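Structure file structure_6.cif (mmCIF, C-alpha atoms and all ligand atoms) is printed below.
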data_target
#
loop_
_atom_site.group_PDB
_atom_site.id
_atom_site.type_symbol
_atom_site.label_atom_id
_atom_site.label_comp_id
_atom_site.auth_asym_id
_atom_site.auth_seq_id
_atom_site.Cartn_x
_atom_site.Cartn_y
_atom_site.Cartn_z
ATOM 1 C CA MET A 19 -2.811 -16.891 17.077
ATOM 2 C CA THR A 20 -5.863 -19.132 16.710
ATOM 3 C CA GLN A 21 -6.178 -21.929 14.222
ATOM 4 C CA VAL A 22 -8.628 -19.971 12.052
ATOM 5 C CA SER A 23 -6.592 -16.765 12.014
ATOM 6 C CA GLU A 24 -3.543 -18.854 11.170
ATOM 7 C CA THR A 25 -5.509 -20.439 8.316
ATOM 8 C CA ILE A 26 -6.381 -16.993 6.920
ATOM 9 C CA ARG A 27 -2.785 -15.827 7.313
ATOM 10 C CA ARG A 28 -1.520 -18.940 5.513
ATOM 11 C CA HIS A 29 -4.036 -18.382 2.728
ATOM 12 C CA HIS A 30 -2.715 -14.833 2.347
ATOM 13 C CA SER A 31 0.832 -16.196 2.142
ATOM 14 C CA ALA A 32 -0.218 -18.711 -0.507
ATOM 15 C CA LEU A 33 -2.013 -16.025 -2.548
ATOM 16 C CA ARG A 34 1.020 -13.756 -2.280
ATOM 17 C CA ARG A 35 3.420 -16.490 -3.355
ATOM 18 C CA THR A 36 1.250 -17.410 -6.340
ATOM 19 C CA LEU A 37 0.759 -13.764 -7.300
ATOM 20 C CA ARG A 38 4.498 -13.043 -7.143
ATOM 21 C CA ALA A 39 5.262 -16.118 -9.237
ATOM 22 C CA HIS A 40 2.720 -15.041 -11.873
ATOM 23 C CA LEU A 41 4.068 -11.487 -11.938
ATOM 24 C CA LYS A 42 7.637 -12.719 -12.264
ATOM 25 C CA THR A 43 6.741 -14.891 -15.253
ATOM 26 C CA VAL A 44 4.729 -12.077 -16.833
ATOM 27 C CA ARG A 45 7.690 -9.697 -16.456
ATOM 28 C CA SER A 46 10.141 -12.194 -17.924
ATOM 29 C CA GLY A 47 7.960 -12.598 -21.002
ATOM 30 C CA SER A 48 9.008 -16.258 -21.180
ATOM 31 C CA ASP A 49 5.507 -17.724 -21.302
ATOM 32 C CA PRO A 50 3.002 -16.277 -23.786
ATOM 33 C CA GLY A 51 0.076 -17.839 -21.878
ATOM 34 C CA GLU A 52 1.100 -16.275 -18.601
ATOM 35 C CA ARG A 53 -1.029 -13.151 -18.912
ATOM 36 C CA GLU A 54 -4.145 -15.300 -19.187
ATOM 37 C CA ALA A 55 -2.927 -17.449 -16.299
ATOM 38 C CA LEU A 56 -2.512 -14.354 -14.135
ATOM 39 C CA VAL A 57 -5.996 -13.092 -14.942
ATOM 40 C CA GLU A 58 -7.416 -16.546 -14.272
ATOM 41 C CA PHE A 59 -5.720 -16.635 -10.869
ATOM 42 C CA LEU A 60 -7.096 -13.184 -10.039
ATOM 43 C CA VAL A 61 -10.642 -14.051 -11.122
ATOM 44 C CA GLU A 62 -10.750 -17.584 -9.732
ATOM 45 C CA GLU A 63 -8.843 -17.143 -6.477
ATOM 46 C CA LEU A 64 -8.124 -13.585 -5.488
ATOM 47 C CA ILE A 65 -11.564 -12.083 -6.060
ATOM 48 C CA PRO A 66 -13.442 -14.909 -4.278
ATOM 49 C CA HIS A 67 -11.059 -14.427 -1.348
ATOM 50 C CA ALA A 68 -11.882 -10.706 -1.242
ATOM 51 C CA GLN A 69 -15.613 -11.434 -1.554
ATOM 52 C CA GLY A 70 -15.408 -13.895 1.341
ATOM 53 C CA GLU A 71 -13.729 -11.224 3.448
ATOM 54 C CA GLU A 72 -16.401 -8.649 2.603
ATOM 55 C CA LEU A 73 -19.127 -11.128 3.463
ATOM 56 C CA ALA A 74 -17.912 -12.641 6.700
ATOM 57 C CA PHE A 75 -14.601 -11.286 7.955
ATOM 58 C CA TYR A 76 -14.898 -7.498 7.621
ATOM 59 C CA PRO A 77 -18.254 -7.219 9.445
ATOM 60 C CA VAL A 78 -16.644 -8.876 12.468
ATOM 61 C CA MET A 79 -13.570 -6.676 12.102
ATOM 62 C CA ASP A 80 -15.726 -3.524 11.928
ATOM 63 C CA GLU A 81 -17.061 -4.283 15.384
ATOM 64 C CA LEU A 82 -13.689 -5.228 16.800
ATOM 65 C CA LEU A 83 -11.938 -2.150 15.420
ATOM 66 C CA ARG A 84 -14.676 0.099 16.748
ATOM 67 C CA ASP A 85 -14.375 -1.345 20.249
ATOM 68 C CA HIS A 86 -10.763 -2.452 20.548
ATOM 69 C CA GLY A 87 -8.704 -1.333 17.581
ATOM 70 C CA THR A 88 -7.188 1.705 15.914
ATOM 71 C CA PRO A 89 -9.018 2.078 12.591
ATOM 72 C CA THR A 90 -6.323 4.301 11.069
ATOM 73 C CA ARG A 91 -3.599 1.712 11.737
ATOM 74 C CA THR A 92 -4.034 0.328 8.213
ATOM 75 C CA MET A 93 -3.328 3.770 6.765
ATOM 76 C CA SER A 94 -0.226 4.145 8.939
ATOM 77 C CA LEU A 95 0.909 0.768 7.593
ATOM 78 C CA ASP A 96 0.505 2.273 4.111
ATOM 79 C CA HIS A 97 2.727 5.181 5.168
ATOM 80 C CA GLU A 98 5.319 2.734 6.503
ATOM 81 C CA ARG A 99 5.364 0.926 3.151
ATOM 82 C CA ILE A 100 5.473 4.222 1.230
ATOM 83 C CA LEU A 101 8.524 5.361 3.247
ATOM 84 C CA SER A 102 10.241 2.066 2.521
ATOM 85 C CA TYR A 103 9.629 2.478 -1.224
ATOM 86 C CA VAL A 104 10.942 6.045 -1.144
ATOM 87 C CA ALA A 105 14.090 4.882 0.645
ATOM 88 C CA ARG A 106 14.677 2.115 -1.927
ATOM 89 C CA LEU A 107 14.077 4.475 -4.856
ATOM 90 C CA SER A 108 16.345 7.079 -3.297
ATOM 91 C CA ARG A 109 19.142 4.497 -2.829
ATOM 92 C CA ALA A 110 18.759 3.355 -6.437
ATOM 93 C CA THR A 111 19.000 6.943 -7.695
ATOM 94 C CA ARG A 112 22.106 7.744 -5.662
ATOM 95 C CA HIS A 113 23.698 4.577 -6.894
ATOM 96 C CA ARG A 114 23.060 5.552 -10.480
ATOM 97 C CA ILE A 115 24.381 9.076 -10.063
ATOM 98 C CA ARG A 116 27.584 8.123 -8.241
ATOM 99 C CA GLY A 117 28.745 5.192 -10.298
ATOM 100 C CA LYS A 118 28.069 5.513 -13.983
ATOM 101 C CA GLU A 119 30.022 2.309 -14.585
ATOM 102 C CA VAL A 120 27.598 0.172 -12.510
ATOM 103 C CA ARG A 121 24.574 1.617 -14.186
ATOM 104 C CA SER A 122 22.805 -1.228 -15.906
ATOM 105 C CA GLY A 123 19.542 -1.980 -17.642
ATOM 106 C CA ALA A 124 18.614 -4.373 -14.857
ATOM 107 C CA ARG A 125 19.081 -1.719 -12.202
ATOM 108 C CA ASP A 126 16.993 0.743 -14.182
ATOM 109 C CA ALA A 127 14.315 -1.911 -14.606
ATOM 110 C CA THR A 128 14.267 -2.394 -10.834
ATOM 111 C CA PHE A 129 13.904 1.354 -10.331
ATOM 112 C CA ASP A 130 11.080 1.508 -12.858
ATOM 113 C CA ARG A 131 9.283 -1.436 -11.264
ATOM 114 C CA LEU A 132 9.563 0.088 -7.774
ATOM 115 C CA ALA A 133 8.318 3.439 -9.097
ATOM 116 C CA LEU A 134 5.306 1.780 -10.718
ATOM 117 C CA GLU A 135 4.520 -0.181 -7.550
ATOM 118 C CA LEU A 136 4.776 2.956 -5.427
ATOM 119 C CA GLY A 137 2.572 4.780 -7.923
ATOM 120 C CA ALA A 138 -0.150 2.143 -7.572
ATOM 121 C CA LEU A 139 0.147 2.163 -3.802
ATOM 122 C CA LEU A 140 -0.114 5.969 -3.667
ATOM 123 C CA GLU A 141 -3.115 6.013 -5.991
ATOM 124 C CA LEU A 142 -4.923 3.652 -3.639
ATOM 125 C CA HIS A 143 -3.752 5.504 -0.542
ATOM 126 C CA PHE A 144 -5.014 8.884 -1.774
ATOM 127 C CA ASP A 145 -8.255 7.261 -2.874
ATOM 128 C CA LYS A 146 -8.798 5.792 0.610
ATOM 129 C CA GLU A 147 -8.125 9.115 2.338
ATOM 130 C CA ASN A 148 -10.308 11.026 -0.123
ATOM 131 C CA ARG A 149 -13.222 8.600 -0.050
ATOM 132 C CA ALA A 150 -13.185 7.148 3.463
ATOM 133 C CA TYR A 151 -11.790 9.962 5.606
ATOM 134 C CA LEU A 152 -12.341 13.393 4.085
ATOM 135 C CA PRO A 153 -16.151 13.183 3.722
ATOM 136 C CA LEU A 154 -16.499 12.255 7.413
ATOM 137 C CA PHE A 155 -13.966 14.882 8.432
ATOM 138 C CA ALA A 156 -15.741 17.594 6.412
ATOM 139 C CA ARG A 157 -19.185 16.635 7.686
ATOM 140 C CA LEU A 158 -18.537 15.962 11.371
ATOM 141 C CA VAL A 159 -15.569 18.079 12.485
ATOM 142 C CA SER A 160 -16.198 21.742 13.305
ATOM 143 C CA PRO A 161 -14.621 24.338 10.950
ATOM 144 C CA GLU A 162 -12.416 25.625 13.822
ATOM 145 C CA LYS A 163 -11.126 22.157 14.553
ATOM 146 C CA GLN A 164 -10.564 21.476 10.847
ATOM 147 C CA THR A 165 -8.417 24.629 10.626
ATOM 148 C CA GLY A 166 -6.472 23.521 13.698
ATOM 149 C CA VAL A 167 -5.862 20.087 12.183
ATOM 150 C CA LEU A 168 -4.540 21.644 8.973
ATOM 151 C CA ALA A 169 -2.215 23.941 10.950
ATOM 152 C CA ARG A 170 -0.849 20.984 12.921
ATOM 153 C CA MET A 171 -0.366 18.995 9.708
ATOM 154 C CA HIS A 172 1.754 21.838 8.303
ATOM 155 C CA GLU A 173 3.706 21.960 11.542
ATOM 156 C CA GLY A 174 4.316 18.201 11.362
ATOM 157 C CA ALA A 175 5.410 18.523 7.751
ATOM 158 C CA GLU A 176 7.949 21.189 8.704
ATOM 159 C CA HIS A 177 9.505 18.963 11.361
ATOM 160 C CA GLY A 178 9.086 15.565 9.725
ATOM 161 C CA PRO A 179 11.435 13.746 7.356
ATOM 162 C CA GLY A 180 9.520 14.791 4.238
ATOM 163 C CA ARG A 181 9.298 18.463 5.228
ATOM 164 C CA ARG A 182 9.382 19.752 1.658
ATOM 165 C CA GLN A 183 6.230 17.798 0.901
ATOM 166 C CA HIS A 184 2.771 18.899 1.845
ATOM 167 C CA PRO A 185 1.419 16.203 4.196
ATOM 168 C CA THR A 186 -1.838 15.882 2.353
ATOM 169 C CA ARG A 187 0.086 14.679 -0.694
ATOM 170 C CA ALA A 188 0.985 11.343 0.868
HETATM 171 FE FE FE B 201 -7.241 -11.028 2.362
HETATM 172 FE FE FE B 202 -1.478 9.561 3.821
#

Starting from the coordinates I provided, produce the structure as structure tokens.
Ligand SMILES: [Fe+2]
Ligand SMILES: [Fe+2]
Amino acid sequence: MTQVSETIRRHHSALRRTLRAHLKTVRSGSDPGEREALVEFLVEELIPHAQGEELAFYPVMDELLRDHGTPTRTMSLDHERILSYVARLSRATRHRIRGKEVRSGARDATFDRLALELGALLELHFDKENRAYLPLFARLVSPEKQTGVLARMHEGAEHGPGRRQHPTRA
């Protein structure tokens, strides 16, 4: 880890901490000015960070990923996070079904929050696959190979953990 990469990583940690703190206060409803504070943080800090990445960091990463990386790794990281959400939601549901007496508003609120977060993550994930992958796939992969890929995806779905789900849905 170099000093600069460590600086970027630390900045990410700081942004995450601040974001989580804002979201927590927004959810609690304890501070009426918190919504504005959150938007201000997003406009003043988060967006400039993203713009800086687009300007200087991503162009370098494009080259590195092309030559040394695995470009789809970020999407697999999405899948990893999606699986983790599904596991947490599934645990929460089982808990609610088994023990009616421990069912509480707080637990339901946690379930609802996780479901909303997963929803946002999935929206973005589908959007990335639809906009960044499928146009290239449709344009540059032969029809025979495309059919083969689809067949293998179905095969994977039959043997994988989420076999009742079509793979293109997540
Ligand atoms: Fe970033
Ligand atoms: Fe996916």

Problem set entry | Given the PyMOL selection byres (((not hetatm)) within 10 of (chain B and resi 201)), the residues it picks as a list in words | Ile26, Arg27, His29, His30, Ser31, Leu33, Arg34, Leu64, Ile65, Pro66, His67, Ala68, Gln69, Gly70, Glu71, Glu72, Phe75 and Tyr76 of chain A

For this file, the PyMOL selection byres (((chain A and resi 132-145) around 9) and not hetatm) selects which residues, as an MDAnalysis selection string? chainID A and resid 93 96:97 99:100 103:104 106:107 127:131 146:150 186:188

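Reported to one decimal place, the separation of atom CA of Val57 of chain A from atom CA of Ala32 of chain A is 16.5 Å.
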
Review point. Could you state the separation of atom CA of Ser94 of chain A and atom FE of ligand FE 202 (chain B) in Å, given to one decimal place?
Key: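 Between atom CA of Ser94 of chain A and atom FE of ligand FE 202 (chain B) the gap works out to 7.6 Å.
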
Take atom CA of Tyr151 of chain A and atom CA of Leu101 of chain A and report the distance between them in Å, one decimal.
->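 Distance reported for this atom pair: 21.0 Å.
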
Problem set entry | A:Ser48, A:Thr90, A:Ser102, A:Thr43 ranked by distance to ligand FE 202 (chain B), top pick (using all atoms listed in the file) |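 Checking each candidate against ligand FE 202 (chain B), we get A:Thr90 as the closest.
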
Would you fill out segment 82-93 of chain A with all heavy atoms and return it as a JSON list (two decimals), in the frame of the given file?
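What landed in part.json:
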[["chain", "number", "residue", "atom", "x", "y", "z"],
["A", 82, "LEU", "N", -14.88, -5.14, 15.97],
["A", 82, "LEU", "CA", -13.69, -5.23, 16.80],
["A", 82, "LEU", "C", -12.88, -3.94, 16.76],
["A", 82, "LEU", "O", -12.39, -3.46, 17.79],
["A", 82, "LEU", "CB", -12.80, -6.39, 16.33],
["A", 82, "LEU", "CG", -13.32, -7.79, 16.63],
["A", 82, "LEU", "CD1", -12.37, -8.83, 16.06],
["A", 82, "LEU", "CD2", -13.48, -7.99, 18.14],
["A", 83, "LEU", "N", -12.73, -3.37, 15.55],
["A", 83, "LEU", "CA", -11.94, -2.15, 15.42],
["A", 83, "LEU", "C", -12.60, -0.99, 16.15],
["A", 83, "LEU", "O", -11.93, -0.16, 16.77],
["A", 83, "LEU", "CB", -11.74, -1.80, 13.94],
["A", 83, "LEU", "CG", -10.72, -2.68, 13.22],
["A", 83, "LEU", "CD1", -10.83, -2.51, 11.71],
["A", 83, "LEU", "CD2", -9.31, -2.33, 13.67],
["A", 84, "ARG", "N", -13.95, -0.97, 16.07],
["A", 84, "ARG", "CA", -14.68, 0.10, 16.75],
["A", 84, "ARG", "C", -14.44, 0.03, 18.26],
["A", 84, "ARG", "O", -14.23, 1.03, 18.92],
["A", 84, "ARG", "CB", -16.17, -0.01, 16.43],
["A", 84, "ARG", "CG", -16.95, 1.24, 16.79],
["A", 84, "ARG", "CD", -18.40, 1.08, 16.43],
["A", 84, "ARG", "NE", -18.96, -0.14, 16.98],
["A", 84, "ARG", "CZ", -19.71, -1.02, 16.31],
["A", 84, "ARG", "NH1", -19.98, -0.81, 15.05],
["A", 84, "ARG", "NH2", -20.19, -2.10, 16.89],
["A", 85, "ASP", "N", -14.45, -1.19, 18.80],
["A", 85, "ASP", "CA", -14.38, -1.34, 20.25],
["A", 85, "ASP", "C", -12.95, -1.51, 20.78],
["A", 85, "ASP", "O", -12.66, -1.14, 21.91],
["A", 85, "ASP", "CB", -15.21, -2.56, 20.68],
["A", 85, "ASP", "CG", -16.69, -2.36, 20.36],
["A", 85, "ASP", "OD1", -17.09, -1.19, 20.21],
["A", 85, "ASP", "OD2", -17.42, -3.36, 20.25],
["A", 86, "HIS", "N", -12.08, -2.10, 20.00],
["A", 86, "HIS", "CA", -10.76, -2.45, 20.55],
["A", 86, "HIS", "C", -9.58, -2.02, 19.69],
["A", 86, "HIS", "O", -8.44, -2.15, 20.11],
["A", 86, "HIS", "CB", -10.65, -3.98, 20.73],
["A", 86, "HIS", "CG", -11.75, -4.57, 21.53],
["A", 86, "HIS", "ND1", -11.77, -4.48, 22.91],
["A", 86, "HIS", "CD2", -12.85, -5.24, 21.16],
["A", 86, "HIS", "CE1", -12.87, -5.08, 23.34],
["A", 86, "HIS", "NE2", -13.54, -5.55, 22.31],
["A", 87, "GLY", "N", -9.83, -1.55, 18.49],
["A", 87, "GLY", "CA", -8.70, -1.33, 17.58],
["A", 87, "GLY", "C", -8.41, 0.13, 17.31],
["A", 87, "GLY", "O", -8.99, 1.02, 17.93],
["A", 88, "THR", "N", -7.50, 0.37, 16.40],
["A", 88, "THR", "CA", -7.19, 1.70, 15.91],
["A", 88, "THR", "C", -7.47, 1.69, 14.41],
["A", 88, "THR", "O", -6.66, 1.18, 13.63],
["A", 88, "THR", "CB", -5.69, 2.04, 16.17],
["A", 88, "THR", "OG1", -5.42, 1.82, 17.54],
["A", 88, "THR", "CG2", -5.38, 3.47, 15.79],
["A", 89, "PRO", "N", -8.63, 2.21, 14.00],
["A", 89, "PRO", "CA", -9.02, 2.08, 12.59],
["A", 89, "PRO", "C", -8.00, 2.65, 11.61],
["A", 89, "PRO", "O", -7.90, 2.16, 10.49],
["A", 89, "PRO", "CB", -10.35, 2.83, 12.52],
["A", 89, "PRO", "CG", -10.88, 2.77, 13.91],
["A", 89, "PRO", "CD", -9.68, 2.82, 14.82],
["A", 90, "THR", "N", -7.26, 3.69, 12.02],
["A", 90, "THR", "CA", -6.32, 4.30, 11.07],
["A", 90, "THR", "C", -4.99, 3.53, 10.98],
["A", 90, "THR", "O", -4.11, 3.92, 10.21],
["A", 90, "THR", "CB", -6.00, 5.75, 11.47],
["A", 90, "THR", "OG1", -5.59, 5.76, 12.84],
["A", 90, "THR", "CG2", -7.21, 6.64, 11.29],
["A", 91, "ARG", "N", -4.86, 2.48, 11.76],
["A", 91, "ARG", "CA", -3.60, 1.71, 11.74],
["A", 91, "ARG", "C", -3.27, 1.22, 10.33],
["A", 91, "ARG", "O", -2.11, 1.21, 9.93],
["A", 91, "ARG", "CB", -3.70, 0.53, 12.71],
["A", 91, "ARG", "CG", -2.62, -0.50, 12.59],
["A", 91, "ARG", "CD", -1.82, -0.66, 13.86],
["A", 91, "ARG", "NE", -0.93, -1.81, 13.77],
["A", 91, "ARG", "CZ", 0.31, -1.74, 13.31],
["A", 91, "ARG", "NH1", 0.82, -0.59, 12.94],
["A", 91, "ARG", "NH2", 1.05, -2.83, 13.25],
["A", 92, "THR", "N", -4.30, 0.83, 9.57],
["A", 92, "THR", "CA", -4.03, 0.33, 8.21],
["A", 92, "THR", "C", -3.43, 1.43, 7.33],
["A", 92, "THR", "O", -2.58, 1.15, 6.48],
["A", 92, "THR", "CB", -5.32, -0.20, 7.56],
["A", 92, "THR", "OG1", -6.35, 0.77, 7.73],
["A", 92, "THR", "CG2", -5.77, -1.50, 8.19],
["A", 93, "MET", "N", -3.87, 2.67, 7.57],
["A", 93, "MET", "CA", -3.33, 3.77, 6.76],
["A", 93, "MET", "C", -1.89, 4.07, 7.19],
["A", 93, "MET", "O", -1.04, 4.42, 6.35],
["A", 93, "MET", "CB", -4.19, 5.02, 6.92],
["A", 93, "MET", "CG", -5.60, 4.84, 6.42],
["A", 93, "MET", "SD", -5.65, 4.37, 4.68],
["A", 93, "MET", "CE", -5.26, 5.92, 3.90]]
